[in-house]
Every structure is written in structure tokens, then in C-alpha cells.
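Worksheet: one structure, shown below.
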Amino acid sequence: MIQRTLVVSAALLAVALSGFAALGGSEESVISDQIRLQASRKVVPEHGYRVHEITREDGTLIKEYVSFEGKVFGVSWKGPTLPDLSQLLGSNFAEFRNGLHPQAGRRKAAVVRTGDLVVESSGHMRAFEGRAYLTSMLPAGVTQDVVQ
Amino acid sequence: MRRGMAAAAVVLTLSLAGCGDGTSGSSSETTSTPPPVNNVQPVIVDAGPVISGQPAGNANVLFTTVTICMPGTATCQTIDHVTVDTGSTGLRILASQLTLSLPGSMNANGQPIANCIQFADNTYQWGPVQKADIKMAGEVASSVPIQVVGPSNFPAAPTDCTAGGTPVQTVSDLGANGILGVGLFRQDCGPACASATSPPAIYYSCPASACSITSVSVAEQLQNPVSMFPQDNNGLAITLPQVPAGGAVSVSGTLIFGVGTQANNTLSGVQAQATDRFGNFTTTFNGVRYSSSFIDSGSNGLFFLDSATTGLPDCARQEAGFYCPGSTTGFSAINSGPNPNISTTTVSTNIAFAIANAATLFNSPSYAFNNLGGSNPGAFDWGLPFFFGRTVFIGIEGRSSPAGMGPYWAY
């Protein structure tokens, strides 16, 4: 780890995105996210993991937490627009959907905790934030508190 | 949350009415100050719109009745049970409840403009942007872009709008006939959606082939109807009486348009707190600051933190998301933000509140509760219970008032 922060400019190639995944997926999937989100990205090394910070033009900040084994164990988002959770949660999205309890009259926040997956989504128009992580994929010595 | 309380429900029906009160204001005078108008709009918390003989039956939903008209005409429709939502901006009417054929908003190529609103729980509303005059009390907002939600004769929602989520586009899904977004902001999106390079998935252009994300000027976006009134347009106040600990079957109150513009909306006995540019402020609870907290009449409870932090047990699956303590539990928290008039001064207000067992409340015959709550990890969402027993002022962004420039809350 030579540089504290590595800034990567947004790829402009129109690449095939069939291998898209995010939470629980590989580090390469983060780059797919960046392209899909039309955003800039930087990588911040931390003790025991790396954080890819993806910033959309509208200011929405998406963080993807990657273990040294190259797996995305957590994602978080904060900003004026809600990112596409079906993209960010990848193969875990169906589990998130199944864990939601539709309640008419309450359309603001969602918390889903299954055995391994935790998703917390909150906020209002112009200010959304949330996080998701897979407990089983947290690196040794790293707690879910880092995902925020 | 759904109970069979059909017997006592007042059946308010949709009606087409000629609201031929003509245009308000004097037309030939040179003065720019319009004459004062009635700025008091009734609101109610009740069992909601009736669907197949049964009321929607959700707890803590604040409703009002809105009249919309073909722009510049007296051809109007009055729609009851529209949710009053300080957490969003813009009027959204379910297409199934709309009988007027309003003019659609078009882009420079003559293609219809559509709008997508996404909620944090992965639900969404989709539909074309159309223009209507909006009448509430004696106030008229002219030719306002609104969203018509889920019409059958319009292209389906694109995948970047649905995002794998669930539509909330019927009366039974929404528990209302529409949403009246009268929050802190003047538009639902603002400059981000006017960006020519990469606007978010909120506005779409819809040629015959398929809808795609587009940029829309700030003026053509969904607007806060209050900010488009000729007067009383710098904010509003919501006043609701307190309710007993066991709840109330219905509660009546008022929306008062304008802040410091008439004798009935002076800022006496309240303190103003500016929000950040996202509409959030800091709530301090047990010494910990939660800086993404907000006030939202469209949230039906006090949603704050989580079971581990509050010590309140979560409810079982049927009332998932709410708290179900064995006995009603009292709390206090401090809301703080800069004084909008003197930004270097912090204004803090202590808020006392209580949380009762949500399952018990839902099993009662009442619909209005000041002690219904649930989880919202990392922040406070001060929902409708916060409004009971208070007058809450909303200062609209960029508009001045005796309290200072919006966005701010005052209570």
C-alpha cells in the first residue's frame, strides 16, 4: 500500500456488464458499479479491508467495502438520490425483497435482517442513506460498524 | 394495521365540480401585493379512503382535500384523502382517481415527460408529468407540474425506475388518493435533474419506443404548490391538537399557508432551526448526535435508532418495523440546528415523547396515536406523532420570512 488514496478516473468504455454483482461479489464488480452509476471512484485502504468510494454527479456517495480476498462484504450509500438497490445488493437482492413487509402508509424506511444479510435503508426525498453487509464475510477483526 | 372499521366511516366521494369562483386577485391594479385570501386548509387524521366498502385503515395518516383544475379554467375535480407529506415535494394523484384529462408536459421534441419517485423501502411511483391549477383554501397555484401516478395508457416504468422494487400506485397500496408534498424544497429534485451530463433516474422522456432518463429544467420539475401561490408562499404551518395516550378515532387540524404573512401565521412562541441542504438536522439522544434526522408528516410513527440502542423490543412479524414494549416508555431527545437569522447561533429544543406497544395500538379502534414508534437505524424520523399538540412551521428553501431564510423548521 504505497498511496493512501488512489484516484481512478471513470472508465468510458461501453463494456458488457453481464457479470455484474456487488454485495458478496468480487472486487471487479465494483468497477461495473462505477460504470453503471456514471460516477468517479477512489480507493481508500483501511486496516483489514479497502473501501471503494464512488461519487455520483449529484453528490450521492456509495461505498463498497472489500476484503483483502477481493470480496465485497458491505455497501453503503448517502446522498440526494437512492441508488439502484437491485444493483448494489446483487445476488442478495431477492433475499432483501423477501424480507420486506409491505405496509401501506409507511414508505420511508426498511430494515431487513436475515441469518447473514443485514440491510438498513432510510431517509426521505433528497436525503437517502443506508447500508448492507454480509455477517459471514466480515474480515477477521472487522465489525459491521465500519460499514456506514 | 388494517381493521374492519367500516361502520363509522364518513364516505367522501370523488366529485366533479365546477369550481367557478373565477380568478382571484385584481387584474388591473399596478400594485404587486394581492389582497389577503383565506389561508386555512382543513386536515384530518382518520381511517382513510374507502376501498370496496372498507376504509384503508392505516394509523397516523394526515389527509386533506385538494381541488385541481384544467389550467386557467373552471373545469375542476375535488379529490379527498390526499396525504399531507412534509417529507416530499410535489402533488402526485393516482391516475385511477383522476377524471380530468390534464395537459401533459412535453420536452423540446414534443415527447411526454414522466417522473419516478423512489422510496427508501424499495417502492416507487411512476407516471407522466401533467399540469394543473391547484386550489386549497382561498389559494390558487397556477399551471403546476404534478405527477399522475400509474395511468394504464402510458408506457410502463423503466427498469432503472423500478429498481426491482414494488409499485405503490393503487389506493389500496398507498392508503390514499394521492400525495401532497409540501416539504422544505421547492422542487422534488432541483438542479441535479437539470444536469445535462448524468441526471439521476427521476425524470424521463417518453417517445413511442421507450422511456429514458432525461434532464428537466428546475421550472418544469414537480413543484411545491405552496411556493407557487401568489402570496403566503414562503412556507406553511401544520397545527394538530394533542391526542390521549390511547389514541383517537380521528383528529382534525389545519394547514395555514404562509409564515408571518397574515395575523394567523405569526411566529409567536416557536423557535426556528435551519436544516442542512438535504433537509436534515441533528437529534441528540443519550449524548449521541444523529445528524441525519428529519421531520416528516408522511411517516406514521416516531422511527428512531434500533432495539439495541433504545432498549425497546421489536414487534413480531405482523407489525415488523415497529416497537412493542411491555409498557409505555418515556424518552427525551434534543433537536438542534442553526438559527436561520443568525447562523452562528445554535438553537436547541428538548423533545419529550413516549412509545407504546404498537400491536396494542393497532388492535384499538383508534387511528391517531402520539406514541407509535419503530426503528430507523442511525437517525430520528420524527413522523406524524411529533405534530400532535404542536404548531410546526415549514420554511421553504430560498424564501425569506420573519424567522429567516428557508429551509427551516420552527415549533
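To be explicit about the labels: the chains of the C-alpha cells are called A, B, and onward in the order shown, and within each one the residues are counted from 1, while ligands get numbers from 1 in the order they are shown.
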
6 Å contacts from chain B to chain A using only C-alpha atoms, as a list in words: Gly87, Ser88, Ala120, Asp121, Ala163, Gly164, Asp173, Leu174, Gly175, Ala192, Phe278 and Ser299 of chain B

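The helix (DSSP H, G or I) portion of range 269-394 of chain B consists of Ser307, Ala308, Thr309, Thr310, Arg317, Gln318, Glu319, Ala358, Ala359, Thr360, Leu361, Phe362, Leu384, Pro385, Phe386 and Phe387 of chain B, with states taken from DSSP on the backbone.
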
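Residue neighbourhood of Tyr411 in chain B, excluding near-sequence residues (fewer than 4 positions): Gly269, Val270, Gln271, Ala272, Arg390, Thr391, Val392 and Phe393 of chain B, at 8 Å, using only C-alpha atoms.
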
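Atom pair CA of Ser215 in chain B / CA of Cys161 in chain B: separated by 14.7 Å.
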
Counting only C-alpha atoms, the option among B:Val168, B:Met405, B:Ile295, B:Val251 closest to Thr282 in chain B: B:Ile295
